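Before any comments, here is the structure.
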Amino acid sequence: MEKQKVTAFAPATVANVSCGFDILGFAVEDLGDKVAVTLSDKPGVRVTKIEGDKGKLPYEAEKNTCSVAIMAMMKELDFKGGLEIELFKGLPLGSGMGSSAASAVAALMATNTLLGNPFEKKDLLPFAMESERIACGAAHADNVSPALLGGFVLIREYHPLDVIPLHVPRGLYCTLVHPHLVLNTFDSRSVLRRNVSLQDATTQSGNIAGLVAGLFQEDMALISRSLNDVIAEPSRSVLIPGYDEVKEGIKPAGALGCGISGSGPTIFILSPSEEIAWEVSRLAQNVFDKMQLPIDLYVSAINTRGAYIIEEEI
Ligand code: HSE
């Protein structure tokens with residue numbers, strides 16, 4: 001019998017990962033968004049329910065990242081039927097944890113299953129990127145790729161898209177420090193320098209290559225040396241109070257390094273063990289307590305599963 005309703009989950013993600021502006025990302029465990037898609041007799045796509053967004057997300061199909069992604073897929077399939085979308089946000093908006101990407105990816109996973117899997121998982125990426133274009137003006141893939149595929153992902157090239165899954169070293173843990181501020185990606189992209197010096201390009205390339213090599217070799221010291229961003233971080237970190245203090249404190253505590261998660265304000269910290277990931281979370285808590293700025297903290301292994309189907313209803 002044909003499925004009538006499918007619900008999917010897609011996780012939070014850390015994009016950029018310091019030196020990999022727009023080209024590196026990884027997925028986080030447990031945190032994420034759920035989307036249910038139901039077949040309807042009425043042609044077209046409608047967003048019928050949004051929960052957990054404090055009323056901030058649009059219901060208009062042309063503006064909502066779930067429906068935009070689904071419409072791009074329907075266009076490719078020339079599918080003229082009707083679909084209704086229910087979105088359950090688990091991720092805060094404007095946090096830098098890939099909130100719009102998680103919604104779009106969960107919506108695509110659910111729709112693909114509902115329609116009998118016309119696409120392989122990785123082929124859903126271009127549709128998800130269309131939703132990023134709506135969300136922030138740039139069709140970047142460093143959140144949607146790990147949200148869909150899980151693990152650590154490199155976007156080697158955008159035209160044509162070439163997405164490379166990377167190795168995830170054993171014992172690698174991530175701490176996410178989410179200060180209660182909202183930074184939208186459009187604004188955070190607008191503060192970036194348009195031109196990069198030869199010196200900075202060389203430094204950044206070396207660090208990206210070092211990070212990728214460090215992941216494959218499970219070389220924590222090399223990963224640590226490579227977590228250095230000379231392109232985006234200098235312009236963006238000034239928007240995040242406490243960033244420099246957290247950065248200064250975590251390495252003596254045994255962490256590998258930190259960076260801005262996506263376009264911020266969330267700070268991600270990579271550690272070589274779960275114990276150190278918790279230790280640096282306490283350190284970050286102290287920094288923000290002193291500023292009386294509330295934060296949320298998450299400690300997670302790297303999620304290697306990515307998006308998945310939760311439920312199929314007949
Ligand atoms: N690479 C994107 C940016 C990620 O830094 O603007 C946004 O989450």
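Just so we're on the same page: first chain in the structure tokens is A, next is B, and so on; residues restart at 1 for each chain, and ligands are numbered from 1 in the order they show up.
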If the limit is 6 Å from any atom of ligand 1, counting only C-alpha atoms and all ligand atoms, which residues qualify? Return them as a list in words. Ala15, Asn16, Phe21, Asp22, Gly96, Gly98, Asp142, Thr185, Arg189, Gly262 and Ser263 of chain A
If you count only C-alpha atoms, which residues fall within 10 Å of Thr175 in chain A, apart from same-chain ones fewer than 5 positions away, as a list in words? Val28, Ala255, Cys258, Thr266, Ile267, Phe268, Ile269, Leu270, Ser271, Glu274, Ile276, Ala277, Trp278, Glu279, Val280, Ser281, Ala284, Leu297, Tyr298, Val299, Ser300 and Ala301 of chain A
Taking 3 positions as the minimum chain separation for residues in the same chain, which residues sit within 9 Å of range 218-222 of chain A when counting only C-alpha atoms? Answer as an mmCIF file with N, CA and C atoms, in the first residue's frame.
data_model
loop_
_atom_site.group_PDB
_atom_site.id
_atom_site.type_symbol
_atom_site.label_atom_id
_atom_site.label_comp_id
_atom_site.auth_asym_id
_atom_site.auth_seq_id
_atom_site.Cartn_x
_atom_site.Cartn_y
_atom_site.Cartn_z
ATOM 1 N N HIS A 167 36.985 11.135 6.921
ATOM 2 C CA HIS A 167 37.035 10.188 8.039
ATOM 3 C C HIS A 167 36.733 10.915 9.351
ATOM 4 N N VAL A 168 36.055 10.222 10.250
ATOM 5 C CA VAL A 168 35.804 10.779 11.588
ATOM 6 C C VAL A 168 36.685 10.023 12.594
ATOM 7 N N PRO A 169 37.673 10.707 13.184
ATOM 8 C CA PRO A 169 38.572 10.015 14.117
ATOM 9 C C PRO A 169 37.841 9.519 15.365
ATOM 10 N N ARG A 170 38.277 8.372 15.874
ATOM 11 C CA ARG A 170 37.709 7.858 17.128
ATOM 12 C C ARG A 170 37.992 8.839 18.266
ATOM 13 N N LEU A 172 36.751 11.757 18.841
ATOM 14 C CA LEU A 172 36.567 13.200 18.598
ATOM 15 C C LEU A 172 35.196 13.645 19.122
ATOM 16 N N GLY A 210 45.733 20.472 6.242
ATOM 17 C CA GLY A 210 46.182 19.870 7.503
ATOM 18 C C GLY A 210 45.023 19.249 8.268
ATOM 19 N N LEU A 211 43.888 19.945 8.275
ATOM 20 C CA LEU A 211 42.719 19.428 8.994
ATOM 21 C C LEU A 211 42.229 18.126 8.352
ATOM 22 N N ALA A 213 43.945 16.034 6.469
ATOM 23 C CA ALA A 213 44.952 14.988 6.726
ATOM 24 C C ALA A 213 44.851 14.513 8.172
ATOM 25 N N GLY A 214 44.680 15.441 9.093
ATOM 26 C CA GLY A 214 44.579 15.098 10.517
ATOM 27 C C GLY A 214 43.384 14.197 10.805
ATOM 28 N N LEU A 215 42.254 14.458 10.119
ATOM 29 C CA LEU A 215 41.071 13.612 10.310
ATOM 30 C C LEU A 215 41.365 12.187 9.844
ATOM 31 N N ARG A 225 46.505 21.945 15.360
ATOM 32 C CA ARG A 225 47.303 23.001 14.700
ATOM 33 C C ARG A 225 46.546 23.632 13.522
ATOM 34 N N SER A 226 45.657 22.837 12.920
ATOM 35 C CA SER A 226 44.998 23.284 11.690
ATOM 36 C C SER A 226 43.707 24.070 11.941
ATOM 37 N N LEU A 227 43.189 24.029 13.161
ATOM 38 C CA LEU A 227 41.927 24.738 13.455
ATOM 39 C C LEU A 227 42.209 26.231 13.612
ATOM 40 N N LEU A 256 41.210 20.674 21.375
ATOM 41 C CA LEU A 256 42.022 20.797 20.151
ATOM 42 C C LEU A 256 41.960 22.201 19.580
ATOM 43 N N SER A 271 37.342 18.403 20.892
ATOM 44 C CA SER A 271 38.157 17.808 21.964
ATOM 45 C C SER A 271 38.494 16.364 21.607
ATOM 46 N N PRO A 272 39.603 15.854 22.164
ATOM 47 C CA PRO A 272 39.996 14.473 21.857
ATOM 48 C C PRO A 272 39.306 13.427 22.735
#
Among range 87-304 of chain A, which residues does DSSP mark as strand (DSSP E or B) when it is run on the backbone? Keep the chain and numbering as in the structure and answer as an mmCIF file with C-alpha atoms, in the first residue's frame.
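Writing the result to states-v3.cif gives the following:
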data_model
loop_
_atom_site.group_PDB
_atom_site.id
_atom_site.type_symbol
_atom_site.label_atom_id
_atom_site.label_comp_id
_atom_site.auth_asym_id
_atom_site.auth_seq_id
_atom_site.Cartn_x
_atom_site.Cartn_y
_atom_site.Cartn_z
ATOM 1 C CA LEU A 87 7.687 21.342 10.820
ATOM 2 C CA PHE A 88 8.812 20.662 14.395
ATOM 3 C CA PHE A 152 32.567 15.246 8.372
ATOM 4 C CA VAL A 153 32.091 16.467 4.809
ATOM 5 C CA LEU A 154 34.209 18.448 2.336
ATOM 6 C CA ILE A 155 32.648 20.381 -0.529
ATOM 7 C CA ARG A 156 35.578 20.223 -2.927
ATOM 8 C CA GLU A 157 33.744 22.128 -5.676
ATOM 9 C CA TYR A 158 30.361 23.769 -6.123
ATOM 10 C CA LEU A 161 28.930 19.904 -6.879
ATOM 11 C CA ASP A 162 31.579 17.501 -5.573
ATOM 12 C CA VAL A 163 30.969 16.427 -1.977
ATOM 13 C CA ILE A 164 33.562 14.212 -0.269
ATOM 14 C CA PRO A 165 32.852 12.344 2.991
ATOM 15 C CA LEU A 166 35.888 12.537 5.298
ATOM 16 C CA TYR A 173 33.974 15.185 20.542
ATOM 17 C CA CYS A 174 32.336 18.529 20.024
ATOM 18 C CA THR A 175 31.084 21.081 22.535
ATOM 19 C CA LEU A 176 28.578 23.648 21.289
ATOM 20 C CA VAL A 177 28.240 26.893 23.223
ATOM 21 C CA HIS A 178 25.152 28.786 22.151
ATOM 22 C CA PRO A 179 24.928 32.300 23.599
ATOM 23 C CA GLY A 257 40.669 24.192 19.226
ATOM 24 C CA CYS A 258 37.504 26.120 18.561
ATOM 25 C CA GLY A 259 35.802 28.261 15.991
ATOM 26 C CA ILE A 260 32.555 29.946 15.075
ATOM 27 C CA ILE A 267 31.007 28.535 19.284
ATOM 28 C CA PHE A 268 32.141 24.968 18.587
ATOM 29 C CA ILE A 269 35.037 23.370 20.470
ATOM 30 C CA LEU A 270 36.650 20.110 19.328
ATOM 31 C CA SER A 271 38.157 17.808 21.964
ATOM 32 C CA ILE A 295 23.929 30.094 27.030
ATOM 33 C CA ASP A 296 22.919 26.575 26.062
ATOM 34 C CA LEU A 297 25.602 23.887 26.089
ATOM 35 C CA TYR A 298 25.689 20.636 24.169
ATOM 36 C CA VAL A 299 28.341 17.921 24.144
ATOM 37 C CA SER A 300 28.219 15.458 21.295
ATOM 38 C CA ALA A 301 30.204 12.896 19.352
ATOM 39 C CA ILE A 302 30.290 13.469 15.596
#
DSSP helix (DSSP H, G or I) residues within range 150-253 of chain A, as a VMD selection string: chain A and resid 185 to 190 198 to 217 220 to 226 233 to 239 243 to 250
Generate a file of the selected residues that holds N, CA and C atoms, formatted as a short mmCIF file (atom, residue, chain, number, x, y, z; two decimals), in the first residue's frame.
data_model
loop_
_atom_site.label_atom_id
_atom_site.label_comp_id
_atom_site.auth_asym_id
_atom_site.auth_seq_id
_atom_site.Cartn_x
_atom_site.Cartn_y
_atom_site.Cartn_z
N THR A 185 22.55 34.66 9.07
CA THR A 185 23.68 34.36 8.18
C THR A 185 23.86 35.45 7.12
N PHE A 186 22.76 36.04 6.67
CA PHE A 186 22.88 37.10 5.66
C PHE A 186 23.76 38.24 6.21
N ASP A 187 23.49 38.66 7.46
CA ASP A 187 24.29 39.74 8.07
C ASP A 187 25.73 39.29 8.30
N SER A 188 25.90 38.05 8.80
CA SER A 188 27.25 37.57 9.09
C SER A 188 28.08 37.39 7.81
N ARG A 189 27.42 37.17 6.71
CA ARG A 189 28.17 37.09 5.45
C ARG A 189 28.53 38.49 4.95
N SER A 190 27.69 39.45 5.29
CA SER A 190 27.94 40.80 4.76
C SER A 190 29.13 41.47 5.44
N LEU A 198 47.27 37.08 -0.67
CA LEU A 198 47.96 35.84 -1.05
C LEU A 198 48.45 35.11 0.21
N GLN A 199 48.97 35.90 1.15
CA GLN A 199 49.46 35.32 2.42
C GLN A 199 48.34 34.57 3.16
N ASP A 200 47.16 35.22 3.26
CA ASP A 200 46.04 34.58 3.96
C ASP A 200 45.53 33.35 3.20
N ALA A 201 45.51 33.45 1.87
CA ALA A 201 45.05 32.30 1.07
C ALA A 201 45.97 31.10 1.29
N THR A 202 47.26 31.37 1.38
CA THR A 202 48.24 30.29 1.58
C THR A 202 48.06 29.68 2.98
N THR A 203 47.94 30.55 3.99
CA THR A 203 47.76 30.05 5.36
C THR A 203 46.49 29.21 5.46
N GLN A 204 45.41 29.73 4.88
CA GLN A 204 44.12 29.02 4.98
C GLN A 204 44.19 27.66 4.26
N SER A 205 44.80 27.64 3.07
CA SER A 205 44.89 26.37 2.32
C SER A 205 45.68 25.34 3.11
N GLY A 206 46.78 25.78 3.71
CA GLY A 206 47.59 24.86 4.51
C GLY A 206 46.79 24.27 5.65
N ASN A 207 45.97 25.11 6.30
CA ASN A 207 45.18 24.64 7.43
C ASN A 207 44.07 23.67 7.00
N ILE A 208 43.44 23.97 5.87
CA ILE A 208 42.38 23.06 5.38
C ILE A 208 43.00 21.69 5.08
N ALA A 209 44.11 21.72 4.36
CA ALA A 209 44.77 20.45 4.01
C ALA A 209 45.21 19.72 5.27
N GLY A 210 45.73 20.47 6.24
CA GLY A 210 46.18 19.87 7.50
C GLY A 210 45.02 19.25 8.27
N LEU A 211 43.89 19.94 8.28
CA LEU A 211 42.72 19.43 8.99
C LEU A 211 42.23 18.13 8.35
N VAL A 212 42.14 18.13 7.02
CA VAL A 212 41.68 16.92 6.32
C VAL A 212 42.66 15.76 6.57
N ALA A 213 43.95 16.03 6.47
CA ALA A 213 44.95 14.99 6.73
C ALA A 213 44.85 14.51 8.17
N GLY A 214 44.68 15.44 9.09
CA GLY A 214 44.58 15.10 10.52
C GLY A 214 43.38 14.20 10.80
N LEU A 215 42.25 14.46 10.12
CA LEU A 215 41.07 13.61 10.31
C LEU A 215 41.37 12.19 9.84
N PHE A 216 41.94 12.06 8.65
CA PHE A 216 42.21 10.72 8.10
C PHE A 216 43.27 9.98 8.91
N GLN A 217 44.25 10.72 9.39
CA GLN A 217 45.34 10.07 10.14
C GLN A 217 45.01 9.94 11.63
N MET A 220 45.40 13.97 16.34
CA MET A 220 44.73 15.05 17.08
C MET A 220 45.59 16.31 17.13
N ALA A 221 46.92 16.15 17.21
CA ALA A 221 47.79 17.32 17.27
C ALA A 221 47.75 18.10 15.95
N LEU A 222 47.68 17.37 14.85
CA LEU A 222 47.59 18.03 13.54
C LEU A 222 46.24 18.73 13.37
N ILE A 223 45.17 18.06 13.81
CA ILE A 223 43.84 18.70 13.78
C ILE A 223 43.91 20.01 14.57
N SER A 224 44.51 19.93 15.74
CA SER A 224 44.60 21.10 16.62
C SER A 224 45.37 22.26 15.95
N ARG A 225 46.51 21.94 15.36
CA ARG A 225 47.30 23.00 14.70
C ARG A 225 46.55 23.63 13.52
N SER A 226 45.66 22.84 12.92
CA SER A 226 45.00 23.28 11.69
C SER A 226 43.71 24.07 11.94
N GLU A 233 36.89 34.32 10.61
CA GLU A 233 36.86 34.55 12.06
C GLU A 233 37.23 35.98 12.48
N PRO A 234 38.28 36.58 11.89
CA PRO A 234 38.63 37.93 12.35
C PRO A 234 37.48 38.94 12.19
N SER A 235 36.68 38.81 11.13
CA SER A 235 35.56 39.75 10.94
C SER A 235 34.35 39.38 11.78
N ARG A 236 34.16 38.10 12.03
CA ARG A 236 32.93 37.66 12.69
C ARG A 236 33.04 37.55 14.21
N SER A 237 34.24 37.25 14.71
CA SER A 237 34.34 36.97 16.15
C SER A 237 34.00 38.21 16.97
N VAL A 238 34.16 39.39 16.40
CA VAL A 238 33.83 40.62 17.14
C VAL A 238 32.33 40.72 17.42
N LEU A 239 31.53 39.93 16.69
CA LEU A 239 30.08 39.94 16.91
C LEU A 239 29.66 39.02 18.06
N TYR A 243 33.96 35.37 22.92
CA TYR A 243 34.63 34.43 22.00
C TYR A 243 36.13 34.32 22.31
N ASP A 244 36.78 35.45 22.44
CA ASP A 244 38.24 35.42 22.64
C ASP A 244 38.61 34.73 23.95
N GLU A 245 37.81 34.98 24.99
CA GLU A 245 38.09 34.36 26.31
C GLU A 245 37.95 32.84 26.26
N VAL A 246 36.89 32.39 25.56
CA VAL A 246 36.69 30.94 25.43
C VAL A 246 37.88 30.36 24.67
N LYS A 247 38.25 31.02 23.59
CA LYS A 247 39.35 30.52 22.75
C LYS A 247 40.65 30.41 23.55
N GLU A 248 40.88 31.40 24.37
CA GLU A 248 42.11 31.43 25.17
C GLU A 248 42.15 30.30 26.21
N GLY A 249 40.96 30.00 26.77
CA GLY A 249 40.92 29.07 27.90
C GLY A 249 40.91 27.59 27.53
N ILE A 250 40.46 27.26 26.33
CA ILE A 250 40.17 25.83 26.07
C ILE A 250 41.41 24.98 25.80
#
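Among A:Glu2, A:Glu130, A:Asp41, A:Glu275, the residue with the shortest atom-to-atom distance to Met73 in chain A, counting only C-alpha atoms, is A:Glu130.
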